[in-house]
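Just data26.cif here, mmCIF, C-alpha atoms:
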```
data_work
loop_
_atom_site.label_atom_id
_atom_site.label_comp_id
_atom_site.auth_asym_id
_atom_site.auth_seq_id
_atom_site.Cartn_x
_atom_site.Cartn_y
_atom_site.Cartn_z
CA MET A 1 102.20 -61.00 -87.34
CA LEU A 2 103.54 -63.45 -89.95
CA LEU A 3 105.74 -65.06 -87.30
CA GLY A 4 102.77 -65.46 -84.97
CA THR A 5 100.66 -67.03 -87.71
CA ALA A 6 103.45 -69.42 -88.64
CA LEU A 7 104.00 -70.47 -85.02
CA LEU A 8 100.29 -71.01 -84.48
CA GLY A 9 100.12 -73.17 -87.56
CA ALA A 10 103.12 -75.19 -86.46
CA THR A 11 101.61 -75.60 -82.99
CA LEU A 12 98.41 -77.03 -84.44
CA LEU A 13 100.39 -79.45 -86.59
CA LEU A 14 102.34 -80.60 -83.54
CA ALA A 15 99.23 -81.43 -81.52
CA PRO A 16 98.03 -84.82 -82.77
CA SER A 17 97.19 -87.65 -80.40
CA ASP A 18 99.85 -90.13 -79.37
CA MET A 19 100.49 -93.31 -81.33
CA VAL A 20 98.23 -96.25 -80.51
CA GLY A 21 99.63 -98.67 -77.92
CA PRO A 22 98.41 -101.68 -75.96
CA LYS A 23 95.43 -101.10 -73.67
CA ASN A 24 96.66 -103.29 -70.81
CA ASP A 25 96.90 -100.78 -67.95
CA VAL A 26 94.18 -100.99 -65.30
CA LEU A 27 93.03 -98.13 -63.06
CA TYR A 28 90.83 -98.63 -59.99
CA MET A 29 89.16 -95.50 -58.67
CA LYS A 30 88.16 -94.79 -55.07
CA ASN A 31 84.46 -94.97 -55.99
CA GLY A 32 84.87 -98.54 -57.29
CA ASP A 33 85.11 -97.79 -61.02
CA LYS A 34 87.58 -99.85 -63.07
CA MET A 35 89.18 -98.67 -66.31
CA THR A 36 91.28 -100.69 -68.76
CA CYS A 37 93.35 -98.27 -70.82
CA GLU A 38 96.76 -97.18 -72.07
CA ILE A 39 98.50 -94.76 -69.69
CA LYS A 40 100.29 -91.93 -71.48
CA SER A 41 101.55 -89.88 -68.56
CA MET A 42 100.78 -88.33 -65.19
CA ASP A 43 101.28 -84.61 -64.68
CA ALA A 44 99.44 -81.53 -63.45
CA GLY A 45 97.28 -83.55 -61.05
CA ALA A 46 95.91 -85.93 -63.68
CA ILE A 47 96.66 -89.23 -65.43
CA TYR A 48 96.31 -89.01 -69.21
CA VAL A 49 95.03 -92.22 -70.81
CA SER A 50 93.57 -93.51 -74.06
CA LEU A 51 90.65 -95.94 -74.41
CA ASP A 52 89.57 -98.17 -77.28
CA TYR A 53 86.11 -96.61 -77.34
CA VAL A 54 87.14 -92.94 -76.93
CA ASP A 55 88.61 -90.70 -79.64
CA GLY A 56 91.74 -89.05 -78.25
CA ASN A 57 93.07 -88.98 -74.69
CA ILE A 58 91.16 -88.30 -71.50
CA SER A 59 92.35 -87.07 -68.10
CA VAL A 60 91.65 -88.89 -64.82
CA GLU A 61 92.10 -87.13 -61.48
CA TRP A 62 95.23 -88.43 -59.74
CA ALA A 63 93.84 -87.79 -56.23
CA ARG A 64 90.91 -90.17 -56.84
CA LEU A 65 93.05 -93.10 -57.97
CA ALA A 66 93.06 -96.00 -55.49
CA ARG A 67 94.98 -98.70 -57.39
CA LEU A 68 97.00 -99.07 -60.59
CA GLU A 69 98.28 -102.17 -62.35
CA SER A 70 100.50 -102.04 -65.43
CA PRO A 71 103.05 -104.31 -67.14
CA ASN A 72 104.59 -101.38 -69.02
CA LEU A 73 107.70 -99.29 -68.38
CA PHE A 74 107.52 -95.69 -67.19
CA LEU A 75 109.93 -92.89 -66.31
CA ILE A 76 108.88 -91.74 -62.84
CA SER A 77 109.99 -88.52 -61.11
CA LEU A 78 109.59 -87.84 -57.38
CA ASP A 79 109.09 -84.64 -55.43
CA ASP A 80 112.81 -84.55 -54.54
CA GLY A 81 113.85 -84.63 -58.22
CA SER A 82 115.02 -88.27 -58.34
CA VAL A 83 114.03 -90.32 -61.40
CA TYR A 84 113.28 -94.05 -61.76
CA ASN A 85 112.83 -96.23 -64.84
CA GLY A 86 110.61 -99.27 -64.37
CA ARG A 87 107.15 -100.74 -63.87
CA ILE A 88 104.75 -99.07 -61.50
CA SER A 89 101.96 -100.42 -59.30
CA ILE A 90 99.79 -98.55 -56.82
CA HIS A 91 97.77 -100.05 -54.01
CA PRO A 92 96.15 -98.89 -50.74
CA VAL A 93 97.41 -100.01 -47.34
CA GLU A 94 94.79 -101.98 -45.46
CA GLY A 95 93.62 -100.33 -42.26
CA SER A 96 94.95 -96.87 -43.17
CA ASP A 97 94.42 -94.01 -45.60
CA SER A 98 97.89 -94.47 -47.12
CA VAL A 99 98.36 -95.39 -50.78
CA LEU A 100 101.75 -96.82 -51.77
CA VAL A 101 103.57 -96.78 -55.09
CA VAL A 102 105.90 -99.69 -55.83
CA ILE A 103 108.46 -99.17 -58.62
CA THR A 104 110.14 -102.29 -60.03
CA GLN A 105 113.23 -101.01 -61.79
CA THR A 106 114.69 -102.55 -64.92
CA ASP A 107 117.50 -104.16 -62.86
CA GLY A 108 114.93 -105.94 -60.68
CA GLN A 109 115.31 -103.73 -57.60
CA THR A 110 112.15 -102.27 -56.05
CA ALA A 111 111.47 -98.94 -54.39
CA THR A 112 108.34 -98.02 -52.42
CA PHE A 113 106.99 -94.52 -51.83
CA ASP A 114 103.82 -92.85 -50.66
CA LYS A 115 101.61 -91.83 -53.58
CA SER A 116 101.85 -88.16 -52.58
CA ARG A 117 105.58 -88.17 -53.44
CA ILE A 118 105.03 -88.84 -57.15
CA ALA A 119 105.59 -85.63 -59.14
CA GLY A 120 104.89 -87.21 -62.53
CA PHE A 121 105.60 -90.09 -64.90
CA SER A 122 105.40 -90.89 -68.58
CA SER A 123 105.39 -94.00 -70.72
CA THR A 124 108.75 -94.87 -72.23
CA GLY A 125 106.88 -95.89 -75.37
CA ALA A 126 105.16 -92.52 -75.86
CA SER A 127 105.88 -90.84 -79.18
CA PHE A 128 107.45 -87.40 -79.58
CA TRP A 129 104.09 -85.92 -80.55
CA GLY A 130 102.31 -87.47 -77.59
CA ARG A 131 104.63 -85.77 -75.10
CA LEU A 132 103.98 -82.23 -76.37
CA ASN A 133 101.97 -79.87 -74.18
CA GLY A 134 100.79 -76.42 -75.11
CA SER A 135 98.12 -73.83 -75.67
CA ILE A 136 96.96 -71.30 -78.24
CA SER A 137 95.22 -68.15 -77.00
CA SER A 138 93.63 -65.19 -78.75
CA GLY A 139 91.45 -62.19 -77.98
CA VAL A 140 90.05 -59.23 -79.98
CA SER A 141 88.20 -56.08 -78.92
CA TYR A 142 86.82 -53.01 -80.73
CA ALA A 143 85.40 -49.70 -79.46
CA LYS A 144 83.49 -47.51 -81.90
CA GLY A 145 83.81 -44.29 -79.83
CA ASN A 146 87.51 -43.77 -80.50
CA GLN A 147 87.78 -46.47 -83.17
CA THR A 148 90.13 -48.54 -81.03
CA THR A 149 91.02 -52.07 -82.09
CA THR A 150 93.17 -54.40 -80.03
CA TYR A 151 94.18 -57.99 -80.54
CA ASN A 152 96.44 -60.44 -78.78
CA VAL A 153 97.62 -63.88 -79.76
CA SER A 154 99.95 -66.21 -77.90
CA SER A 155 101.16 -69.76 -78.19
CA ASN A 156 103.42 -72.04 -76.18
CA VAL A 157 104.71 -75.55 -76.74
CA SER A 158 106.66 -77.57 -74.18
CA TYR A 159 108.36 -80.95 -74.31
CA PRO A 160 108.83 -82.27 -70.76
CA ARG A 161 110.93 -85.31 -69.93
CA PRO A 162 111.86 -86.65 -66.48
CA ARG A 163 115.42 -85.24 -66.58
CA TRP A 164 115.18 -82.44 -69.15
CA SER A 165 112.67 -80.18 -70.85
CA ALA A 166 112.33 -77.63 -73.64
CA ALA A 167 109.74 -74.91 -74.20
CA LEU A 168 108.97 -72.39 -76.95
CA GLY A 169 106.64 -69.43 -76.38
CA PHE A 170 105.37 -66.54 -78.51
CA ASN A 171 103.04 -63.63 -77.78
CA SER A 172 101.94 -60.69 -79.87
CA ASN A 173 99.90 -57.59 -79.02
CA PHE A 174 98.54 -54.91 -81.37
CA SER A 175 96.52 -51.79 -80.59
CA SER A 176 95.37 -48.98 -82.87
CA SER A 177 93.04 -46.04 -82.40
CA SER A 178 91.94 -43.05 -84.44
CA GLY A 179 94.52 -40.25 -84.46
CA ALA A 180 97.32 -42.27 -82.84
CA ASP A 181 100.13 -44.50 -84.07
CA ALA A 182 99.56 -48.23 -83.75
CA ALA A 183 101.30 -49.91 -80.80
CA THR A 184 102.85 -53.35 -81.19
CA ARG A 185 104.70 -55.77 -78.92
CA ASN A 186 106.07 -59.15 -80.00
CA GLN A 187 108.10 -61.62 -77.94
CA LEU A 188 109.62 -65.04 -78.69
CA GLN A 189 111.50 -67.21 -76.18
CA LEU A 190 113.16 -70.64 -76.20
CA THR A 191 114.09 -72.31 -72.89
CA VAL A 192 115.83 -75.62 -72.16
CA GLY A 193 116.67 -77.24 -68.84
CA HIS A 194 118.33 -80.38 -67.48
CA LEU A 195 118.40 -81.92 -64.00
CA LEU A 196 121.74 -82.16 -62.23
CA ARG A 197 122.87 -85.20 -60.23
CA TRP A 198 121.71 -83.51 -57.02
CA ASN A 199 118.00 -83.86 -56.39
CA ASN A 200 115.87 -80.89 -57.52
CA TRP A 201 118.90 -78.94 -58.84
CA PHE A 202 119.07 -78.16 -62.56
CA TYR A 203 120.81 -75.99 -65.12
CA THR A 204 118.98 -73.99 -67.76
CA GLY A 205 119.62 -71.83 -70.80
CA PHE A 206 117.41 -69.51 -72.82
CA GLY A 207 117.29 -67.19 -75.79
CA SER A 208 114.65 -64.54 -76.47
CA GLY A 209 113.73 -61.67 -78.73
CA LEU A 210 111.50 -58.66 -77.95
CA GLN A 211 110.03 -55.85 -80.08
CA SER A 212 108.17 -53.01 -78.33
CA SER A 213 106.95 -49.84 -80.05
CA GLU A 214 106.07 -48.32 -76.64
CA GLN A 215 109.73 -48.48 -75.58
CA GLN A 216 110.91 -47.82 -79.17
CA ILE A 217 112.80 -51.13 -79.16
CA ALA A 218 113.30 -52.54 -82.65
CA LEU A 219 114.88 -55.73 -81.28
CA GLN A 220 116.09 -56.75 -77.85
CA SER A 221 117.95 -60.07 -77.82
CA ASN A 222 118.80 -62.06 -74.70
CA LEU A 223 121.05 -65.09 -74.23
CA GLY A 224 121.61 -66.49 -70.76
CA GLY A 225 121.77 -69.43 -68.46
CA GLY A 226 122.24 -70.46 -64.89
CA VAL A 227 121.68 -72.99 -62.13
CA GLY A 228 118.35 -73.41 -60.37
CA ARG A 229 116.48 -75.42 -57.79
CA TYR A 230 112.92 -76.65 -57.40
CA LEU A 231 111.58 -75.35 -54.09
CA LYS A 232 108.36 -77.32 -54.57
CA LYS A 233 107.70 -80.12 -57.04
CA SER A 234 104.50 -82.15 -56.82
CA SER A 235 101.85 -83.44 -59.19
CA ASN A 236 100.10 -80.04 -59.34
CA VAL A 237 102.58 -77.44 -58.00
CA ARG A 238 106.02 -76.45 -59.34
CA ILE A 239 108.04 -73.57 -57.86
CA SER A 240 111.65 -72.90 -58.89
CA VAL A 241 114.35 -70.23 -58.66
CA VAL A 242 117.36 -69.68 -60.95
CA GLY A 243 120.52 -67.60 -60.65
CA GLY A 244 122.89 -66.94 -63.55
CA LEU A 245 124.22 -64.53 -66.17
CA VAL A 246 122.59 -62.95 -69.21
CA TRP A 247 123.80 -60.95 -72.22
CA GLN A 248 121.36 -58.43 -73.63
CA GLY A 249 121.65 -56.52 -76.88
CA THR A 250 119.12 -53.78 -77.68
CA THR A 251 118.64 -52.04 -81.02
CA TYR A 252 116.39 -48.96 -80.83
CA GLU A 253 114.22 -47.50 -83.55
CA SER A 254 115.76 -44.88 -85.84
CA SER A 255 113.70 -42.15 -84.14
CA VAL A 256 115.78 -42.56 -80.95
CA SER A 257 118.65 -40.08 -81.37
CA THR A 258 120.27 -40.65 -77.96
CA ALA A 259 121.08 -44.34 -78.52
CA SER A 260 120.99 -46.73 -81.46
CA ARG A 261 122.52 -49.84 -79.89
CA GLU A 262 123.22 -50.98 -76.33
CA ASP A 263 124.91 -54.16 -75.07
CA MET A 264 124.73 -55.26 -71.46
CA LEU A 265 125.99 -58.07 -69.24
CA GLY A 266 123.85 -58.71 -66.18
CA ALA A 267 123.06 -61.10 -63.38
CA MET A 268 119.84 -63.11 -63.71
CA LEU A 269 117.45 -63.78 -60.85
CA LEU A 270 114.53 -65.83 -62.17
CA GLY A 271 111.51 -67.29 -60.40
CA THR A 272 108.71 -69.45 -61.82
CA ALA A 273 105.54 -70.87 -60.32
CA ASN A 274 102.93 -73.23 -61.83
CA TYR A 275 99.72 -74.39 -60.19
CA VAL A 276 97.04 -76.71 -61.59
CA LYS A 277 93.65 -77.63 -60.13
CA PHE A 278 92.16 -80.58 -61.96
CA LYS A 279 89.41 -79.62 -64.45
CA LYS A 280 89.29 -76.06 -63.08
CA THR A 281 92.22 -73.67 -63.21
CA THR A 282 95.86 -73.27 -64.20
CA LEU A 283 98.19 -70.46 -63.10
CA ASN A 284 101.62 -69.78 -64.64
CA LEU A 285 103.92 -67.02 -63.34
CA THR A 286 107.44 -65.99 -64.40
CA VAL A 287 109.41 -63.13 -62.81
CA ASN A 288 112.88 -62.14 -64.05
CA ALA A 289 115.07 -59.48 -62.42
CA ILE A 290 118.33 -58.44 -64.14
CA PRO A 291 120.70 -56.02 -62.37
CA SER A 292 123.27 -54.78 -64.89
CA LEU A 293 126.91 -55.65 -64.21
CA SER A 294 128.33 -53.63 -67.11
CA ASP A 295 126.23 -50.55 -66.24
CA PRO A 296 125.96 -50.52 -62.41
CA GLY A 297 122.78 -48.97 -61.08
CA ARG A 298 120.68 -49.96 -64.09
CA PHE A 299 118.01 -52.57 -63.44
CA TYR A 300 115.78 -54.55 -65.81
CA PHE A 301 112.64 -56.41 -64.77
CA ASN A 302 110.12 -58.43 -66.75
CA THR A 303 107.22 -60.67 -65.89
CA ASN A 304 104.59 -62.83 -67.56
CA ALA A 305 101.54 -64.30 -65.85
CA ALA A 306 98.67 -66.34 -67.25
CA TYR A 307 95.51 -67.67 -65.59
CA PHE A 308 93.36 -70.30 -67.34
CA LEU A 309 89.80 -71.18 -66.33
CA LYS A 310 88.46 -74.35 -67.93
CA LEU A 311 85.13 -73.87 -69.73
CA PHE A 312 84.62 -77.20 -71.49
CA GLY A 313 86.77 -79.83 -73.18
CA GLN A 314 90.05 -78.20 -74.24
CA ILE A 315 88.62 -74.68 -74.32
CA ASN A 316 89.59 -72.23 -71.57
CA TRP A 317 89.06 -68.59 -70.76
CA ASN A 318 92.39 -66.92 -70.02
CA LEU A 319 93.60 -63.74 -68.39
CA SER A 320 97.25 -62.76 -68.86
CA PHE A 321 99.59 -59.96 -67.82
CA TYR A 322 102.90 -58.94 -69.38
CA GLY A 323 105.38 -56.25 -68.46
CA ASN A 324 108.99 -55.15 -68.82
CA TRP A 325 110.80 -52.25 -67.13
CA ASP A 326 114.13 -50.45 -67.55
CA THR A 327 115.18 -48.06 -64.76
CA GLN A 328 117.55 -46.03 -67.00
CA PRO A 329 116.20 -46.00 -70.57
CA PRO A 330 117.70 -43.73 -73.24
CA ALA A 331 116.48 -40.14 -73.06
CA GLY A 332 113.16 -39.63 -74.76
CA THR A 333 112.04 -43.28 -74.52
CA SER A 334 109.65 -44.99 -72.14
CA GLY A 335 111.07 -47.14 -69.37
CA ASN A 336 108.20 -49.58 -69.29
CA ASP A 337 105.63 -51.47 -71.32
CA TYR A 338 102.88 -53.57 -69.76
CA GLY A 339 99.36 -54.73 -70.40
CA VAL A 340 96.53 -57.14 -69.60
CA ASN A 341 94.87 -59.48 -72.13
CA SER A 342 91.93 -61.84 -72.01
CA GLY A 343 90.40 -64.25 -74.48
CA LEU A 344 89.85 -67.91 -75.28
CA SER A 345 92.48 -70.60 -75.52
CA PHE A 346 92.78 -74.13 -76.85
CA THR A 347 95.03 -76.49 -74.90
CA PHE A 348 96.55 -79.84 -75.81
CA GLY A 349 98.65 -82.41 -74.02
CA ASN A 350 98.84 -82.29 -70.21
CA GLN A 351 97.28 -78.85 -69.86
#
```

Now, as a test, write the supplied structure out as structure tokens.
Amino acid sequence: MLLGTALLGATLLLAPSDMVGPKNDVLYMKNGDKMTCEIKSMDAGAIYVSLDYVDGNISVEWARLARLESPNLFLISLDDGSVYNGRISIHPVEGSDSVLVVITQTDGQTATFDKSRIAGFSSTGASFWGRLNGSISSGVSYAKGNQTTTYNVSSNVSYPRPRWSAALGFNSNFSSSSGADAATRNQLQLTVGHLLRWNNWFYTGFGSGLQSSEQQIALQSNLGGGVGRYLKKSSNVRISVVGGLVWQGTTYESSVSTASREDMLGAMLLGTANYVKFKKTTLNLTVNAIPSLSDPGRFYFNTNAAYFLKLFGQINWNLSFYGNWDTQPPAGTSGNDYGVNSGLSFTFGNQ
């Protein structure tokens, strides 16, 4: 609980608006509106900009943009994973529905692409704080009949860059009822990734810790890494798969007499999917399968899924699912722990 509170506090401190920059970018919308602003980034189906007369950043739907003019430098990533550094301009093609993006690189060379191929871009002048994305979610329920109280709290912070990224996530669940022991589950995970020279290929590494009273796990630590590929990478959809190796060390509670400590080397088969619909919904899904190499026949599986429905401003309603399974747990312990949570969340950055 103290760790969750500390992480939530740190997340709030890391969420200020980006540093003030020149407002010399111009957006032209398909309905004829014109906006002079400072472009921060484009991601998740939206351009994030700041205006002189608006406190904070606002999001503008990428699909409704007809033209863009800017003298500033951006890091631009395409749907095939390639990255460009330069100035960007967007304009429609007369006599057709096509919209072209022209990138003038720092060496003077130009590259032209259809607007649909842009996966995202960010200002090279954006501050560290302005690039952070994340959310804080919480929910509480109480039933008088059996005096059951449940709470859940989760937080995630990510730092995306065109060629690498880092993310930190935490979630905590607590449930107590009259006549039964309280059940707790806490999980913390750090993930980093970097693009390889081949388009849409990347390598990644992660470390995580899990505590689960249902499975009588005092601490389960994981360290692993592998090579992955983006199967789909656009402004609002990201799908990737990863294959690699993972070491897992599990310390069980003192009440488990059949095992106190287990170490395992396994293969890692990881899949992630992210979908964003502007001003409406966000879906995040992670599935991780780990067949044991040091204990053949044993299989671990864990998943996390979160669905966000925008209510107003930066406030969302969220529904999440978590679960982890072990096909051959120590005798007398449970082989699984899973649950569903719902509550409200506050998002910041490109969320």

Could you tell me, as a compact mmCIF listing (two decimals) with C-alpha atoms, in the frame of the given file, which residues have any atom at most 9 Å from (118.2, -51.6, -67.3), counting only C-alpha atoms?
```txt
# COMPACT_ATOMS: atom_id res chain seq x y z
CA MET A 264 124.73 -55.26 -71.46
CA ILE A 290 118.33 -58.44 -64.14
CA PRO A 291 120.70 -56.02 -62.37
CA SER A 292 123.27 -54.78 -64.89
CA ASP A 295 126.23 -50.55 -66.24
CA GLY A 297 122.78 -48.97 -61.08
CA ARG A 298 120.68 -49.96 -64.09
CA PHE A 299 118.01 -52.57 -63.44
CA TYR A 300 115.78 -54.55 -65.81
CA PHE A 301 112.64 -56.41 -64.77
CA TRP A 325 110.80 -52.25 -67.13
CA ASP A 326 114.13 -50.45 -67.55
CA THR A 327 115.18 -48.06 -64.76
CA GLN A 328 117.55 -46.03 -67.00
CA PRO A 329 116.20 -46.00 -70.57
CA GLY A 335 111.07 -47.14 -69.37
```

Legend entry - Shell of 7 Å around segment 64-78 of chain A, only C-alpha atoms, local chain residues under 2 positions omitted, as a ChimeraX atom specification: /A:24-30,61-62,80-92,117-124,162

Inset, instruction - Select, counting only C-alpha atoms, all protein, DNA and RNA residues no farther than 6 Å from (115.1, -74.6, -68.1) in file coordinates, and express the selection as a ChimeraX atom specification. - result: /A:191-193,204-205

Legend entry - For atom CA of Ala305 of chain A and atom CA of Val241 of chain A, the interatomic separation in Å (one decimal): 15.8 Å

Legend entry - Shell of 7 Å around segment 270-274 of chain A, only C-alpha atoms, local chain residues under 6 positions omitted, as a list of chain:residue names: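 Everything that qualifies: A:Val237, A:Arg238, A:Ile239, A:Ser240, A:Val241, A:Val242, A:Gly243, A:Leu283, A:Asn284, A:Leu285, A:Thr286, A:Val287, A:Asn288, A:Ala289.
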
Legend entry - Within 10 Å of Lys277 of chain A using only C-alpha atoms, minus same-chain residues under 3 positions, as a list in words: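 Here the answer would be Ala44, Gly45, Ala46, Glu61, Asn236, Val237, Lys280, Thr281, Thr282, Leu283, Leu309 and Lys310 of chain A.
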
Inset, instruction - Tell me, as a list in words, which residues lie within 10 Å of segment 259-262 of chain A, counting all atoms listed in the file; anything in the same chain fewer than 2 positions away does not count. - result: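 The neighbour list is Ile217, Ala218, Leu219, Gln220, Gln248, Gly249, Thr250, Thr251, Tyr252, Glu253, Ser254, Ser255, Val256, Ser257, Met264, Pro329, Pro330, Ala331, Gly332 and Thr333 of chain A.
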
Inset, instruction - Write out as number ranges by chain the residues lying within 12 Å of Ile315 of chain A, counting all atoms listed in the file and excluding same-chain residues fewer than 6 positions away. - result: A: 135-138, 279-281, 308-309, 343-348, 351

Output segment 88-101 of chain A with N, CA and C atoms present, as a PDB file, keeping the file's coordinate frame.
```pdb
ATOM      1  N   ILE A  88     105.351 -99.734 -62.640  1.00  0.00           N
ATOM      2  CA  ILE A  88     104.750 -99.070 -61.500  1.00  0.00           C
ATOM      3  C   ILE A  88     103.441 -99.764 -61.108  1.00  0.00           C
ATOM      4  N   SER A  89     103.232 -99.922 -59.814  1.00  0.00           N
ATOM      5  CA  SER A  89     101.960-100.420 -59.300  1.00  0.00           C
ATOM      6  C   SER A  89     101.579 -99.581 -58.096  1.00  0.00           C
ATOM      7  N   ILE A  90     100.301 -99.382 -57.919  1.00  0.00           N
ATOM      8  CA  ILE A  90      99.790 -98.550 -56.820  1.00  0.00           C
ATOM      9  C   ILE A  90      98.712 -99.339 -56.098  1.00  0.00           C
ATOM     10  N   HIS A  91      98.777 -99.336 -54.777  1.00  0.00           N
ATOM     11  CA  HIS A  91      97.770-100.050 -54.010  1.00  0.00           C
ATOM     12  C   HIS A  91      97.599 -99.408 -52.642  1.00  0.00           C
ATOM     13  N   PRO A  92      96.379 -99.463 -52.077  1.00  0.00           N
ATOM     14  CA  PRO A  92      96.150 -98.890 -50.740  1.00  0.00           C
ATOM     15  C   PRO A  92      96.677 -99.824 -49.661  1.00  0.00           C
ATOM     16  N   VAL A  93      96.967 -99.237 -48.502  1.00  0.00           N
ATOM     17  CA  VAL A  93      97.410-100.010 -47.340  1.00  0.00           C
ATOM     18  C   VAL A  93      96.195-100.313 -46.474  1.00  0.00           C
ATOM     19  N   GLU A  94      95.952-101.597 -46.245  1.00  0.00           N
ATOM     20  CA  GLU A  94      94.790-101.980 -45.460  1.00  0.00           C
ATOM     21  C   GLU A  94      94.860-101.393 -44.063  1.00  0.00           C
ATOM     22  N   GLY A  95      93.714-100.878 -43.600  1.00  0.00           N
ATOM     23  CA  GLY A  95      93.620-100.330 -42.260  1.00  0.00           C
ATOM     24  C   GLY A  95      94.129 -98.915 -42.116  1.00  0.00           C
ATOM     25  N   SER A  96      94.496 -98.254 -43.237  1.00  0.00           N
ATOM     26  CA  SER A  96      94.950 -96.870 -43.170  1.00  0.00           C
ATOM     27  C   SER A  96      94.528 -96.134 -44.435  1.00  0.00           C
ATOM     28  N   ASP A  97      94.760 -94.828 -44.433  1.00  0.00           N
ATOM     29  CA  ASP A  97      94.420 -94.010 -45.600  1.00  0.00           C
ATOM     30  C   ASP A  97      95.582 -93.906 -46.582  1.00  0.00           C
ATOM     31  N   SER A  98      96.699 -94.565 -46.275  1.00  0.00           N
ATOM     32  CA  SER A  98      97.890 -94.470 -47.120  1.00  0.00           C
ATOM     33  C   SER A  98      97.709 -95.245 -48.425  1.00  0.00           C
ATOM     34  N   VAL A  99      98.302 -94.709 -49.492  1.00  0.00           N
ATOM     35  CA  VAL A  99      98.360 -95.390 -50.780  1.00  0.00           C
ATOM     36  C   VAL A  99      99.826 -95.439 -51.191  1.00  0.00           C
ATOM     37  N   LEU A 100     100.333 -96.639 -51.465  1.00  0.00           N
ATOM     38  CA  LEU A 100     101.750 -96.820 -51.770  1.00  0.00           C
ATOM     39  C   LEU A 100     101.977 -97.037 -53.256  1.00  0.00           C
ATOM     40  N   VAL A 101     103.112 -96.566 -53.712  1.00  0.00           N
ATOM     41  CA  VAL A 101     103.570 -96.780 -55.090  1.00  0.00           C
ATOM     42  C   VAL A 101     104.807 -97.668 -55.036  1.00  0.00           C
TER      43      VAL A 101
END
```
